[in-house]
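Peer 1: Contents of structure04.cif (mmCIF, C-alpha atoms and all ligand atoms):
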data_final
#
loop_
_atom_site.label_atom_id
_atom_site.label_comp_id
_atom_site.auth_asym_id
_atom_site.auth_seq_id
_atom_site.Cartn_x
_atom_site.Cartn_y
_atom_site.Cartn_z
CA MET A 1 -19.08 -10.14 -14.09
CA THR A 2 -16.69 -11.31 -11.41
CA ARG A 3 -13.00 -11.91 -12.08
CA ARG A 4 -12.55 -15.41 -10.74
CA LEU A 5 -9.14 -17.09 -10.74
CA ALA A 6 -8.82 -20.46 -12.52
CA ARG A 7 -8.17 -22.16 -9.14
CA PRO A 8 -8.24 -20.89 -5.55
CA VAL A 9 -5.14 -18.92 -4.52
CA GLY A 10 -4.68 -17.47 -1.05
CA ILE A 11 -2.32 -15.51 1.15
CA THR A 12 -0.61 -18.16 3.28
CA ALA A 13 1.73 -15.90 5.30
CA THR A 14 2.47 -12.23 5.97
CA GLY A 15 5.44 -10.16 7.18
CA GLN A 16 6.41 -6.54 7.66
CA HIS A 17 9.37 -4.29 8.35
CA TYR A 18 9.60 -0.62 9.30
CA PRO A 19 12.56 1.68 9.96
CA GLU A 20 13.29 2.22 13.65
CA ARG A 21 13.20 6.01 13.75
CA VAL A 22 9.81 7.50 14.69
CA TYR A 23 8.89 11.10 13.79
CA THR A 24 5.87 12.45 15.65
CA ASN A 25 3.80 15.38 14.38
CA ASP A 26 5.47 17.52 17.04
CA ASP A 27 8.90 16.49 15.71
CA LEU A 28 7.87 17.75 12.25
CA ALA A 29 6.56 20.99 13.72
CA GLN A 30 10.14 21.68 14.83
CA PHE A 31 11.29 22.22 11.24
CA MET A 32 8.16 23.08 9.21
CA ASP A 33 5.11 25.28 9.64
CA THR A 34 2.62 22.66 10.84
CA ASN A 35 1.08 21.36 14.04
CA ASP A 36 -0.17 18.13 15.59
CA GLU A 37 -3.80 19.23 15.64
CA TRP A 38 -3.96 20.02 11.90
CA ILE A 39 -2.29 16.78 10.89
CA ARG A 40 -4.41 14.58 13.18
CA THR A 41 -7.76 16.14 12.38
CA ARG A 42 -7.21 16.43 8.59
CA THR A 43 -5.50 13.07 8.05
CA GLY A 44 -5.64 10.83 11.15
CA ILE A 45 -1.83 10.66 11.29
CA SER A 46 0.04 10.95 14.62
CA GLN A 47 3.49 9.72 13.62
CA ARG A 48 5.47 8.02 10.87
CA ARG A 49 8.77 6.14 10.48
CA TRP A 50 11.50 7.38 8.15
CA VAL A 51 14.70 5.54 7.22
CA GLU A 52 18.21 6.73 7.94
CA PRO A 53 19.96 8.10 4.83
CA GLY A 54 21.40 5.29 2.72
CA GLN A 55 18.64 2.75 3.36
CA GLY A 56 16.79 1.69 0.21
CA ALA A 57 13.55 -0.15 -0.52
CA SER A 58 15.27 -3.55 -0.58
CA ASP A 59 16.54 -2.96 2.98
CA LEU A 60 12.93 -2.98 4.20
CA ALA A 61 11.51 -5.41 1.63
CA ALA A 62 13.99 -8.22 2.30
CA PRO A 63 13.34 -8.52 6.08
CA ALA A 64 9.56 -8.18 5.52
CA LEU A 65 9.64 -11.06 3.05
CA GLN A 66 11.96 -13.09 5.29
CA MET A 67 9.40 -12.73 8.11
CA ALA A 68 6.63 -14.03 5.84
CA LEU A 69 8.81 -16.97 4.75
CA ASP A 70 9.67 -17.81 8.38
CA ARG A 71 6.00 -17.76 9.35
CA ARG A 72 5.21 -20.13 6.52
CA GLY A 73 8.21 -22.35 7.36
CA MET A 74 9.39 -21.85 3.79
CA LYS A 75 12.94 -21.38 2.50
CA ALA A 76 13.67 -18.49 0.11
CA ASP A 77 14.89 -20.93 -2.53
CA GLU A 78 11.39 -22.44 -2.72
CA LEU A 79 9.99 -19.23 -4.23
CA ASP A 80 9.16 -19.20 -7.94
CA ALA A 81 8.71 -15.45 -8.30
CA ILE A 82 9.06 -12.17 -6.39
CA ILE A 83 6.92 -9.17 -7.34
CA ILE A 84 7.76 -5.86 -5.69
CA ALA A 85 5.25 -3.01 -5.81
CA THR A 86 7.06 0.29 -5.32
CA VAL A 87 7.51 3.81 -6.67
CA THR A 88 10.72 4.24 -4.70
CA PRO A 89 12.98 1.40 -5.93
CA ASP A 90 16.62 1.34 -4.73
CA THR A 91 17.54 2.27 -8.32
CA PHE A 92 15.65 2.35 -11.66
CA PHE A 93 17.66 -0.75 -12.50
CA PRO A 94 18.46 -3.32 -11.42
CA SER A 95 14.97 -3.75 -9.99
CA THR A 96 14.35 -4.01 -6.26
CA ALA A 97 13.16 -7.57 -6.95
CA CYS A 98 16.71 -8.45 -8.11
CA ARG A 99 18.18 -6.99 -4.94
CA VAL A 100 15.70 -8.79 -2.68
CA GLN A 101 16.27 -12.07 -4.56
CA GLU A 102 20.00 -11.75 -3.90
CA LYS A 103 19.66 -10.65 -0.26
CA LEU A 104 17.44 -13.62 0.62
CA GLY A 105 19.12 -16.22 -1.59
CA ALA A 106 15.91 -16.93 -3.52
CA THR A 107 17.96 -18.82 -6.10
CA LYS A 108 15.07 -20.28 -8.12
CA ALA A 109 12.96 -17.13 -8.31
CA TYR A 110 12.77 -14.53 -11.03
CA GLY A 111 10.98 -11.28 -10.37
CA PHE A 112 10.16 -7.74 -11.30
CA ASP A 113 9.03 -4.39 -9.91
CA LEU A 114 5.53 -3.09 -10.54
CA SER A 115 4.69 0.61 -10.53
CA ALA A 116 1.14 1.62 -9.61
CA ALA A 117 1.79 3.93 -6.64
CA CYS A 118 -0.71 3.43 -3.81
CA SER A 119 -2.57 0.75 -5.78
CA GLY A 120 0.66 -1.12 -6.45
CA PHE A 121 0.20 -3.82 -3.83
CA LEU A 122 -3.27 -4.78 -5.10
CA TYR A 123 -2.12 -4.88 -8.73
CA ALA A 124 0.87 -7.01 -7.67
CA LEU A 125 -1.31 -9.26 -5.51
CA THR A 126 -3.66 -10.16 -8.36
CA THR A 127 -0.76 -10.47 -10.85
CA GLY A 128 0.97 -12.91 -8.50
CA ALA A 129 -2.28 -14.78 -7.85
CA ALA A 130 -2.82 -15.17 -11.60
CA LEU A 131 0.64 -16.74 -11.93
CA VAL A 132 -0.25 -19.30 -9.25
CA ALA A 133 -3.77 -19.86 -10.59
CA SER A 134 -2.38 -20.64 -14.04
CA GLY A 135 -0.48 -23.56 -12.54
CA THR A 136 2.88 -22.35 -13.89
CA HIS A 137 4.05 -21.03 -10.49
CA GLN A 138 3.53 -22.58 -7.06
CA LYS A 139 4.95 -20.07 -4.56
CA VAL A 140 4.95 -16.36 -5.30
CA ALA A 141 6.06 -13.54 -2.99
CA VAL A 142 4.42 -10.12 -3.26
CA VAL A 143 5.95 -7.17 -1.41
CA GLY A 144 4.65 -3.61 -1.13
CA VAL A 145 7.46 -1.25 -0.12
CA ASP A 146 8.08 2.46 -0.26
CA ILE A 147 10.67 4.86 1.13
CA MET A 148 8.51 7.94 0.73
CA SER A 149 10.95 9.99 2.82
CA SER A 150 13.31 9.83 -0.19
CA ILE A 151 10.87 11.70 -2.48
CA ILE A 152 9.12 14.19 -0.22
CA ASN A 153 10.18 17.81 0.04
CA LYS A 154 10.59 18.30 3.77
CA GLU A 155 9.98 22.02 3.26
CA ASP A 156 6.51 21.37 1.77
CA ARG A 157 4.03 20.92 4.62
CA THR A 158 1.22 19.96 2.23
CA THR A 159 2.92 16.65 1.36
CA ALA A 160 5.75 16.00 3.83
CA VAL A 161 3.49 15.28 6.80
CA LEU A 162 1.47 12.65 4.93
CA PHE A 163 3.98 9.94 4.13
CA GLY A 164 6.00 7.26 5.90
CA ASP A 165 8.37 4.41 5.02
CA GLY A 166 7.63 0.68 5.36
CA ALA A 167 7.35 -2.75 3.76
CA GLY A 168 4.75 -5.52 3.90
CA ALA A 169 5.03 -8.97 2.31
CA VAL A 170 2.73 -11.89 1.56
CA ILE A 171 3.19 -15.40 0.19
CA LEU A 172 0.68 -16.64 -2.39
CA GLU A 173 -0.05 -20.33 -2.91
CA ALA A 174 -2.84 -22.54 -4.19
CA VAL A 175 -5.35 -23.27 -1.41
CA PRO A 176 -8.13 -25.88 -1.25
CA GLU A 177 -10.89 -23.24 -1.17
CA GLY A 178 -11.47 -19.54 -0.58
CA GLY A 179 -8.53 -17.21 -1.19
CA ILE A 180 -8.97 -14.41 -3.73
CA LEU A 181 -12.61 -14.53 -4.88
CA ASP A 182 -12.86 -11.44 -7.08
CA PHE A 183 -11.03 -8.24 -7.95
CA GLU A 184 -11.28 -5.12 -10.10
CA HIS A 185 -8.68 -2.55 -11.15
CA PHE A 186 -8.85 0.76 -13.01
CA ILE A 187 -6.58 3.51 -14.26
CA ASP A 188 -7.46 7.03 -15.38
CA GLY A 189 -4.39 8.74 -16.82
CA SER A 190 -6.15 12.10 -16.97
CA GLY A 191 -5.56 12.32 -13.20
CA GLY A 192 -1.78 12.09 -13.61
CA CYS A 193 -1.40 15.86 -13.34
CA HIS A 194 -2.70 15.84 -9.75
CA LEU A 195 -0.14 13.52 -8.13
CA PHE A 196 3.27 13.05 -9.70
CA MET A 197 7.02 13.57 -9.61
CA PRO A 198 7.98 16.12 -12.29
CA ALA A 199 11.53 14.99 -13.10
CA GLY A 200 13.95 12.07 -12.97
CA GLY A 201 12.35 9.96 -15.69
CA SER A 202 13.13 9.82 -19.42
CA ALA A 203 10.87 12.76 -20.26
CA ARG A 204 12.73 15.08 -17.91
CA PRO A 205 16.02 13.54 -16.82
CA ALA A 206 17.81 14.73 -13.70
CA SER A 207 19.89 17.86 -14.22
CA ALA A 208 21.25 20.68 -12.11
CA GLU A 209 18.16 22.62 -13.16
CA THR A 210 15.65 19.94 -12.03
CA VAL A 211 17.43 19.58 -8.70
CA ALA A 212 17.47 23.35 -8.15
CA ALA A 213 13.74 23.51 -8.97
CA LYS A 214 13.03 20.64 -6.50
CA GLU A 215 11.41 18.56 -9.23
CA HIS A 216 12.43 15.22 -7.74
CA PHE A 217 9.77 15.39 -5.06
CA VAL A 218 6.08 14.44 -4.83
CA VAL A 219 3.68 17.09 -6.14
CA GLN A 220 0.06 16.67 -5.06
CA HIS A 221 -3.09 18.71 -5.58
CA GLY A 222 -4.65 17.42 -2.39
CA GLN A 223 -8.26 18.42 -2.94
CA ASP A 224 -8.46 16.98 -6.48
CA VAL A 225 -7.01 13.67 -5.31
CA PHE A 226 -9.20 13.68 -2.22
CA LYS A 227 -12.47 14.10 -4.13
CA LYS A 228 -11.71 11.36 -6.64
CA ALA A 229 -10.31 9.03 -3.94
CA VAL A 230 -13.43 9.36 -1.77
CA ARG A 231 -15.72 8.52 -4.68
CA GLU A 232 -13.75 5.69 -6.29
CA MET A 233 -12.61 3.87 -3.15
CA ALA A 234 -16.14 3.84 -1.81
CA GLU A 235 -17.62 2.70 -5.15
CA ILE A 236 -15.15 -0.06 -5.90
CA SER A 237 -15.30 -1.44 -2.36
CA ARG A 238 -19.08 -1.59 -2.57
CA LEU A 239 -18.84 -3.24 -6.01
CA MET A 240 -16.92 -6.15 -4.48
CA LEU A 241 -19.76 -6.82 -2.04
CA ASP A 242 -22.66 -6.24 -4.43
CA ARG A 243 -21.55 -8.32 -7.35
CA ASN A 244 -20.60 -11.23 -5.08
CA GLN A 245 -23.79 -11.00 -2.99
CA VAL A 246 -21.81 -10.47 0.20
CA SER A 247 -23.73 -8.57 2.87
CA PRO A 248 -21.94 -5.93 4.97
CA ASP A 249 -22.62 -8.11 8.03
CA ASP A 250 -20.60 -10.93 6.48
CA LEU A 251 -17.57 -8.71 5.97
CA LYS A 252 -15.11 -9.44 8.79
CA LEU A 253 -12.54 -6.80 7.90
CA PHE A 254 -12.18 -3.89 5.49
CA VAL A 255 -8.55 -3.05 4.76
CA PRO A 256 -8.33 0.21 2.79
CA HIS A 257 -5.22 2.01 1.56
CA GLN A 258 -4.22 4.39 4.34
CA ALA A 259 -3.94 7.84 2.74
CA ASN A 260 -6.37 9.81 4.86
CA LEU A 261 -8.69 8.61 7.63
CA ARG A 262 -11.47 10.77 6.17
CA ILE A 263 -11.26 8.92 2.81
CA MET A 264 -11.25 5.57 4.63
CA ASP A 265 -14.26 6.53 6.77
CA ALA A 266 -16.21 7.55 3.64
CA ALA A 267 -15.54 4.15 2.06
CA ALA A 268 -16.51 2.35 5.29
CA LYS A 269 -19.78 4.29 5.38
CA ARG A 270 -20.58 3.29 1.78
CA LEU A 271 -19.99 -0.34 2.82
CA GLU A 272 -22.36 0.11 5.79
CA LEU A 273 -19.57 -1.38 7.83
CA ALA A 274 -20.20 -2.33 11.44
CA GLU A 275 -18.14 -0.55 14.09
CA GLY A 276 -14.56 -1.82 14.48
CA ARG A 277 -14.39 -3.67 11.17
CA MET A 278 -12.01 -1.31 9.39
CA MET A 279 -8.27 -1.83 9.76
CA VAL A 280 -6.46 1.40 10.57
CA ASN A 281 -2.71 1.91 10.90
CA ILE A 282 -2.37 5.39 9.37
CA ASN A 283 -2.24 6.90 12.87
CA GLU A 284 1.01 5.11 13.65
CA PHE A 285 2.68 4.72 10.25
CA ALA A 286 1.12 7.40 7.92
CA ASN A 287 0.79 6.73 4.20
CA THR A 288 3.47 4.19 3.23
CA THR A 289 2.11 3.99 -0.37
CA ALA A 290 2.49 0.37 -1.59
CA ALA A 291 3.07 -0.90 1.96
CA THR A 292 -0.15 0.24 3.63
CA ILE A 293 -2.31 -2.79 2.79
CA PRO A 294 0.17 -5.66 3.35
CA THR A 295 1.32 -4.16 6.66
CA ALA A 296 -2.29 -3.65 7.74
CA LEU A 297 -3.03 -7.30 6.88
CA HIS A 298 -0.02 -8.44 8.87
CA GLN A 299 -1.05 -6.35 11.87
CA ALA A 300 -4.66 -7.54 11.67
CA GLN A 301 -3.44 -11.13 11.75
CA GLU A 302 -1.14 -10.34 14.70
CA GLN A 303 -3.99 -8.69 16.60
CA GLY A 304 -6.25 -11.70 16.10
CA ARG A 305 -8.66 -9.66 13.94
CA LEU A 306 -8.39 -12.13 11.04
CA GLY A 307 -8.97 -15.88 11.08
CA LYS A 308 -9.07 -18.57 8.42
CA GLY A 309 -12.20 -18.26 6.26
CA ASP A 310 -12.92 -14.63 7.19
CA THR A 311 -14.26 -12.44 4.37
CA VAL A 312 -12.06 -9.40 3.68
CA VAL A 313 -12.21 -6.48 1.23
CA LEU A 314 -9.02 -4.63 0.28
CA SER A 315 -9.18 -1.37 -1.65
CA ALA A 316 -6.77 1.30 -2.81
CA PHE A 317 -6.57 4.57 -4.69
CA GLY A 318 -3.49 6.49 -5.77
CA ALA A 319 -1.38 8.31 -8.34
CA GLY A 320 -2.17 7.66 -11.97
CA PHE A 321 -4.98 7.74 -11.09
CA THR A 322 -4.98 4.06 -10.20
CA TRP A 323 -7.50 2.24 -8.06
CA GLY A 324 -8.66 -1.26 -7.29
CA ALA A 325 -10.24 -3.68 -4.85
CA VAL A 326 -9.97 -7.35 -3.94
CA LEU A 327 -12.46 -9.64 -2.20
CA LEU A 328 -10.94 -12.64 -0.46
CA LYS A 329 -11.40 -15.29 2.16
CA TRP A 330 -8.46 -15.30 4.54
CA SER A 331 -6.26 -18.39 4.20
CA CYS A 332 -3.82 -18.39 7.13
O1 LIG A 401 -2.12 7.99 -1.29
C1 LIG A 401 -2.20 8.67 -2.50
C2 LIG A 401 -3.48 9.38 -2.64
N1 LIG A 401 -3.49 10.58 -1.84
C3 LIG A 401 -4.57 10.94 -1.18
O2 LIG A 401 -5.56 10.23 -1.19
C4 LIG A 401 -4.55 12.26 -0.47
C5 LIG A 401 -5.82 13.02 -0.78
N2 LIG A 401 -5.83 14.37 -0.21
C6 LIG A 401 -5.91 14.58 1.12
O3 LIG A 401 -5.86 13.66 1.90
C7 LIG A 401 -6.10 15.99 1.62
O4 LIG A 401 -6.46 16.83 0.53
C8 LIG A 401 -4.84 16.59 2.34
C9 LIG A 401 -4.63 15.87 3.66
C10 LIG A 401 -3.61 16.45 1.45
C11 LIG A 401 -5.07 18.06 2.63
O5 LIG A 401 -6.26 18.23 3.43
P1 LIG A 401 -7.37 19.31 3.02
O6 LIG A 401 -8.42 19.23 4.04
O7 LIG A 401 -7.73 19.01 1.58
O8 LIG A 401 -6.59 20.65 3.19
P2 LIG A 401 -6.27 21.78 2.10
O9 LIG A 401 -5.25 21.30 1.11
O10 LIG A 401 -7.55 22.33 1.57
O11 LIG A 401 -5.60 22.89 3.00
C12 LIG A 401 -6.36 23.60 3.99
C13 LIG A 401 -5.46 24.57 4.70
C14 LIG A 401 -4.64 25.46 3.77
O12 LIG A 401 -4.55 26.74 4.36
P3 LIG A 401 -5.49 27.94 3.84
O13 LIG A 401 -5.20 28.08 2.37
O14 LIG A 401 -6.89 27.48 4.11
O15 LIG A 401 -5.03 29.08 4.66
C15 LIG A 401 -3.29 24.82 3.78
O16 LIG A 401 -2.24 25.74 3.50
O17 LIG A 401 -4.49 23.83 5.50
C16 LIG A 401 -3.17 24.33 5.20
N3 LIG A 401 -2.24 23.23 5.37
C17 LIG A 401 -1.61 22.96 6.52
N4 LIG A 401 -1.65 23.53 7.73
C18 LIG A 401 -0.90 22.98 8.71
C19 LIG A 401 -1.86 22.32 4.43
N5 LIG A 401 -0.98 21.45 4.96
C20 LIG A 401 -0.81 21.83 6.26
C21 LIG A 401 -0.05 21.31 7.31
N6 LIG A 401 -0.13 21.91 8.52
N7 LIG A 401 0.75 20.21 7.17
#
Output the structure of this file as structure tokens.
Peer 2:
Amino acid sequence: MTRRLARPVGITATGQHYPERVYTNDDLAQFMDTNDEWIRTRTGISQRRWVEPGQGASDLAAPALQMALDRRGMKADELDAIIIATVTPDTFFPSTACRVQEKLGATKAYGFDLSAACSGFLYALTTGAALVASGTHQKVAVVGVDIMSSIINKEDRTTAVLFGDGAGAVILEAVPEGGILDFEHFIDGSGGCHLFMPAGGSARPASAETVAAKEHFVVQHGQDVFKKAVREMAEISRLMLDRNQVSPDDLKLFVPHQANLRIMDAAAKRLELAEGRMMVNINEFANTTAATIPTALHQAQEQGRLGKGDTVVLSAFGAGFTWGAVLLKWSC
């Protein structure tokens, strides 16, 4: 059974924002035991951007959303709601949505943060689309943003090389036809032990002991996450095509979460995707968690790889475990 919205809702504009400072694999090899060849061949990553100390998620999210608004010719005070997908909010509270609302002067919007790690943008996208489809909201902003450099242990080569910082934003509105055609989301909490941050939440609040034990950083069992990610991203992407009778030839672009090029290639193979139809930005920006898909969409639009009416599949897998996929016809 497909999950069809009550009326067509589409992405009518996109935006993005990255920190300026680029760190190449060779830069990282200066201060940790790694090398360019390992990182490129195992992950597809060549470089990433990391913020300067003191920059928070809202500092990237606000300009990304402003870019999307400008492209749509829309004022911030026209927005009804702002949903921010992130696991690295400026603070636990107020939410990053409150900070972005204030920075942009989105005076009529309310908003909230949504936590689903690498699947966060897709969860937020379909949540925002449901608000518009219900008819209670007209213009909803969805932003995926993460400052992963704030939660990686730069002495741990198994995680530090994988992540970058960035923000991508989209505007959702009712469209005459097309837009989001179907979606599916899953969680499997039994995978929580393979990708998590041990301390800093209510179960294990920050203390001198948690800081000394470096428990405020990402912990990942790479192989366990890899195996599940390969299987689920491939399956759920294929599900979007099969249950909507879309043939691989009709798929203009596949935009997967950018965690590892090998995981993305496996999903593309399962889709029987023609050469050049997968969007890749992991090489330049690494894994920016909630920001990978909206930034990839923005870049695809910029590069002329997406046009109105094109069929697109988005899919993601991440901590939780969480995973999901969206089938849509491009609307801008
Ligand atoms: O976005 C959220 C979801 N996350 C993911 O989807 C990530 C899924 N996992 C992965 O992408 C991969 O498992 C990694 C990229 C994290 C690791 O790749 P791998 O091929 O699974 O490598 P591995 O963990 O099996 O490590 C192989 C070797 C080890 O050395 P030994 O034990 O064979 O001597 C590691 O110590 O590579 C070593 N290694 C490194 N060497 C150089 C691990 N990290 C590095 C490094 N540089 N940065």
Peer 1: Nearest to ligand LIG 401 (chain A) among A:Gly200, A:Gly191, A:Pro94, A:Gly10, with distances taken over only C-alpha atoms and all ligand atoms: which residue is it?
Peer 2: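 Looking only at the distances to ligand LIG 401 (chain A), the closest residue turns out to be A:Gly191.
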Peer 1: Compute the set of protein, DNA and RNA residues whose minimum atom distance to ligand LIG 401 (chain A) is at most 6 Å, using only C-alpha atoms and all ligand atoms, and state it as a PDB file with C-alpha atoms, in the frame of the given file.
Peer 2:
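Everything below was put into pocket-v6.pdb:
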ATOM      1  CA  THR A  34       2.620  22.660  10.840  1.00  0.00           C
ATOM      2  CA  ASN A  35       1.080  21.360  14.040  1.00  0.00           C
ATOM      3  CA  TRP A  38      -3.960  20.020  11.900  1.00  0.00           C
ATOM      4  CA  ILE A  39      -2.290  16.780  10.890  1.00  0.00           C
ATOM      5  CA  ARG A  42      -7.210  16.430   8.590  1.00  0.00           C
ATOM      6  CA  THR A  43      -5.500  13.070   8.050  1.00  0.00           C
ATOM      7  CA  CYS A 118      -0.710   3.430  -3.810  1.00  0.00           C
ATOM      8  CA  ARG A 157       4.030  20.920   4.620  1.00  0.00           C
ATOM      9  CA  THR A 158       1.220  19.960   2.230  1.00  0.00           C
ATOM     10  CA  VAL A 161       3.490  15.280   6.800  1.00  0.00           C
ATOM     11  CA  GLY A 222      -4.650  17.420  -2.390  1.00  0.00           C
ATOM     12  CA  GLN A 223      -8.260  18.420  -2.940  1.00  0.00           C
ATOM     13  CA  VAL A 225      -7.010  13.670  -5.310  1.00  0.00           C
ATOM     14  CA  PHE A 226      -9.200  13.680  -2.220  1.00  0.00           C
ATOM     15  CA  ALA A 229     -10.310   9.030  -3.940  1.00  0.00           C
ATOM     16  CA  ALA A 259      -3.940   7.840   2.740  1.00  0.00           C
ATOM     17  CA  ASN A 260      -6.370   9.810   4.860  1.00  0.00           C
ATOM     18  CA  THR A 289       2.110   3.990  -0.370  1.00  0.00           C
ATOM     19  CA  GLY A 318      -3.490   6.490  -5.770  1.00  0.00           C
ATOM     20  CA  ALA A 319      -1.380   8.310  -8.340  1.00  0.00           C
TER      21      ALA A 319
END
Peer 1: Counting only C-alpha atoms, select every polymer residue within 10 Å of (-6.2, 15.0, -12.4) as defined in the file's coordinates, and provide the selection as a list of chain:residue names.
Peer 2: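 In the file's frame, the residues around the point are A:Asp188, A:Gly189, A:Ser190, A:Gly191, A:Gly192, A:Cys193, A:His194, A:Leu195, A:Gln220, A:His221, A:Asp224, A:Val225, A:Lys228, A:Ala319, A:Gly320, A:Phe321.
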Peer 1: Mind pulling up the distance from atom CA of Thr12 of chain A to atom CA of Gly73 of chain A?
Peer 2: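 Atom CA of Thr12 of chain A lies 10.6 Å from atom CA of Gly73 of chain A.
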Peer 1: Using only C-alpha atoms, which residue out of A:Pro89, A:Pro63, A:Pro8, A:Gly201 lies closest to Phe112 of chain A?
Peer 2: A:Pro89
Peer 1: One decimal, in Å: what's the spacing between atom CA of Gln303 of chain A and atom CA of Glu284 of chain A?
Peer 2: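 Computing it gives 15.0 Å between the two atoms.
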Peer 1: Considering only C-alpha atoms, state which residue in the set A:Ile282, A:Ala316, A:Ala133, A:Leu327 is at the smallest distance from Asp250 of chain A.
Peer 2: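 Counting only C-alpha atoms, the residue closest to Asp250 of chain A is A:Leu327.
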Peer 1: Counting all atoms listed in the file, figure out which residue out of A:Arg7, A:Val218, A:Arg270, A:Ala81 gets nearest to Ser134 of chain A.
Peer 2: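 For Ser134 of chain A, the nearest of the given residues is A:Arg7.
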Peer 1: Just the residues within 12 Å of Gly111 of chain A, please, counting all atoms listed in the file, with nothing from its chain fewer than 6 positions along; format it as a PyMOL selection string.
Peer 2: chain A and resi 79-85+94-102+124+127-128+131+137+140-143
Peer 1: Work out how far atom CA of Gly304 of chain A is from atom CA of Val9 of chain A, in Å to one decimal.
Peer 2: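 About the pair atom CA of Val9 of chain A and atom CA of Gly304 of chain A: they are 21.9 Å apart.
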Peer 1: Between A:Ala325, A:Ile45, A:Ala296, A:Leu306, which residue has the minimum interatomic distance to Ile180 of chain A, considering only C-alpha atoms?
Peer 2: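 So, comparing all the options, the nearest one is A:Ala325.
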Peer 1: Check the smallest atom-to-atom distance from each of A:Leu60, A:Val326, A:Leu181, A:Leu162 to Gln47 of chain A using all atoms listed in the file, then report the winner.
Peer 2: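 Smallest separation from Gln47 of chain A among the options: A:Leu162.
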Peer 1: Can you patch up segment 68-79 of chain A, filling it in to N, CA, C and O atoms, and show the result as a short mmCIF file (atom, residue, chain, number, x, y, z; two decimals), keeping the file's coordinate frame?
Peer 2:
data_model
loop_
_atom_site.label_atom_id
_atom_site.label_comp_id
_atom_site.auth_asym_id
_atom_site.auth_seq_id
_atom_site.Cartn_x
_atom_site.Cartn_y
_atom_site.Cartn_z
N ALA A 68 7.74 -13.25 6.41
CA ALA A 68 6.63 -14.03 5.84
C ALA A 68 7.08 -15.47 5.57
O ALA A 68 6.34 -16.43 5.86
N LEU A 69 8.28 -15.61 5.03
CA LEU A 69 8.81 -16.97 4.75
C LEU A 69 8.95 -17.76 6.05
O LEU A 69 8.55 -18.93 6.13
N ASP A 70 9.47 -17.13 7.09
CA ASP A 70 9.67 -17.81 8.38
C ASP A 70 8.32 -18.27 8.94
O ASP A 70 8.20 -19.36 9.47
N ARG A 71 7.32 -17.41 8.82
CA ARG A 71 6.00 -17.76 9.35
C ARG A 71 5.39 -18.92 8.60
O ARG A 71 4.59 -19.67 9.15
N ARG A 72 5.74 -19.04 7.35
CA ARG A 72 5.21 -20.13 6.52
C ARG A 72 6.09 -21.38 6.64
O ARG A 72 5.72 -22.44 6.15
N GLY A 73 7.28 -21.23 7.28
CA GLY A 73 8.21 -22.35 7.36
C GLY A 73 8.76 -22.70 5.98
O GLY A 73 8.97 -23.87 5.64
N MET A 74 8.96 -21.66 5.19
CA MET A 74 9.39 -21.85 3.79
C MET A 74 10.79 -21.27 3.62
O MET A 74 11.12 -20.26 4.22
N LYS A 75 11.60 -21.91 2.80
CA LYS A 75 12.94 -21.38 2.50
C LYS A 75 12.85 -20.46 1.28
O LYS A 75 12.03 -20.70 0.38
N ALA A 76 13.71 -19.44 1.24
CA ALA A 76 13.67 -18.49 0.11
C ALA A 76 13.85 -19.19 -1.22
O ALA A 76 13.27 -18.78 -2.23
N ASP A 77 14.64 -20.27 -1.23
CA ASP A 77 14.89 -20.93 -2.53
C ASP A 77 13.71 -21.79 -3.00
O ASP A 77 13.77 -22.43 -4.04
N GLU A 78 12.61 -21.77 -2.24
CA GLU A 78 11.39 -22.44 -2.72
C GLU A 78 10.52 -21.49 -3.56
O GLU A 78 9.57 -21.93 -4.20
N LEU A 79 10.84 -20.20 -3.51
CA LEU A 79 9.99 -19.23 -4.23
C LEU A 79 10.19 -19.32 -5.74
O LEU A 79 11.32 -19.47 -6.22
#
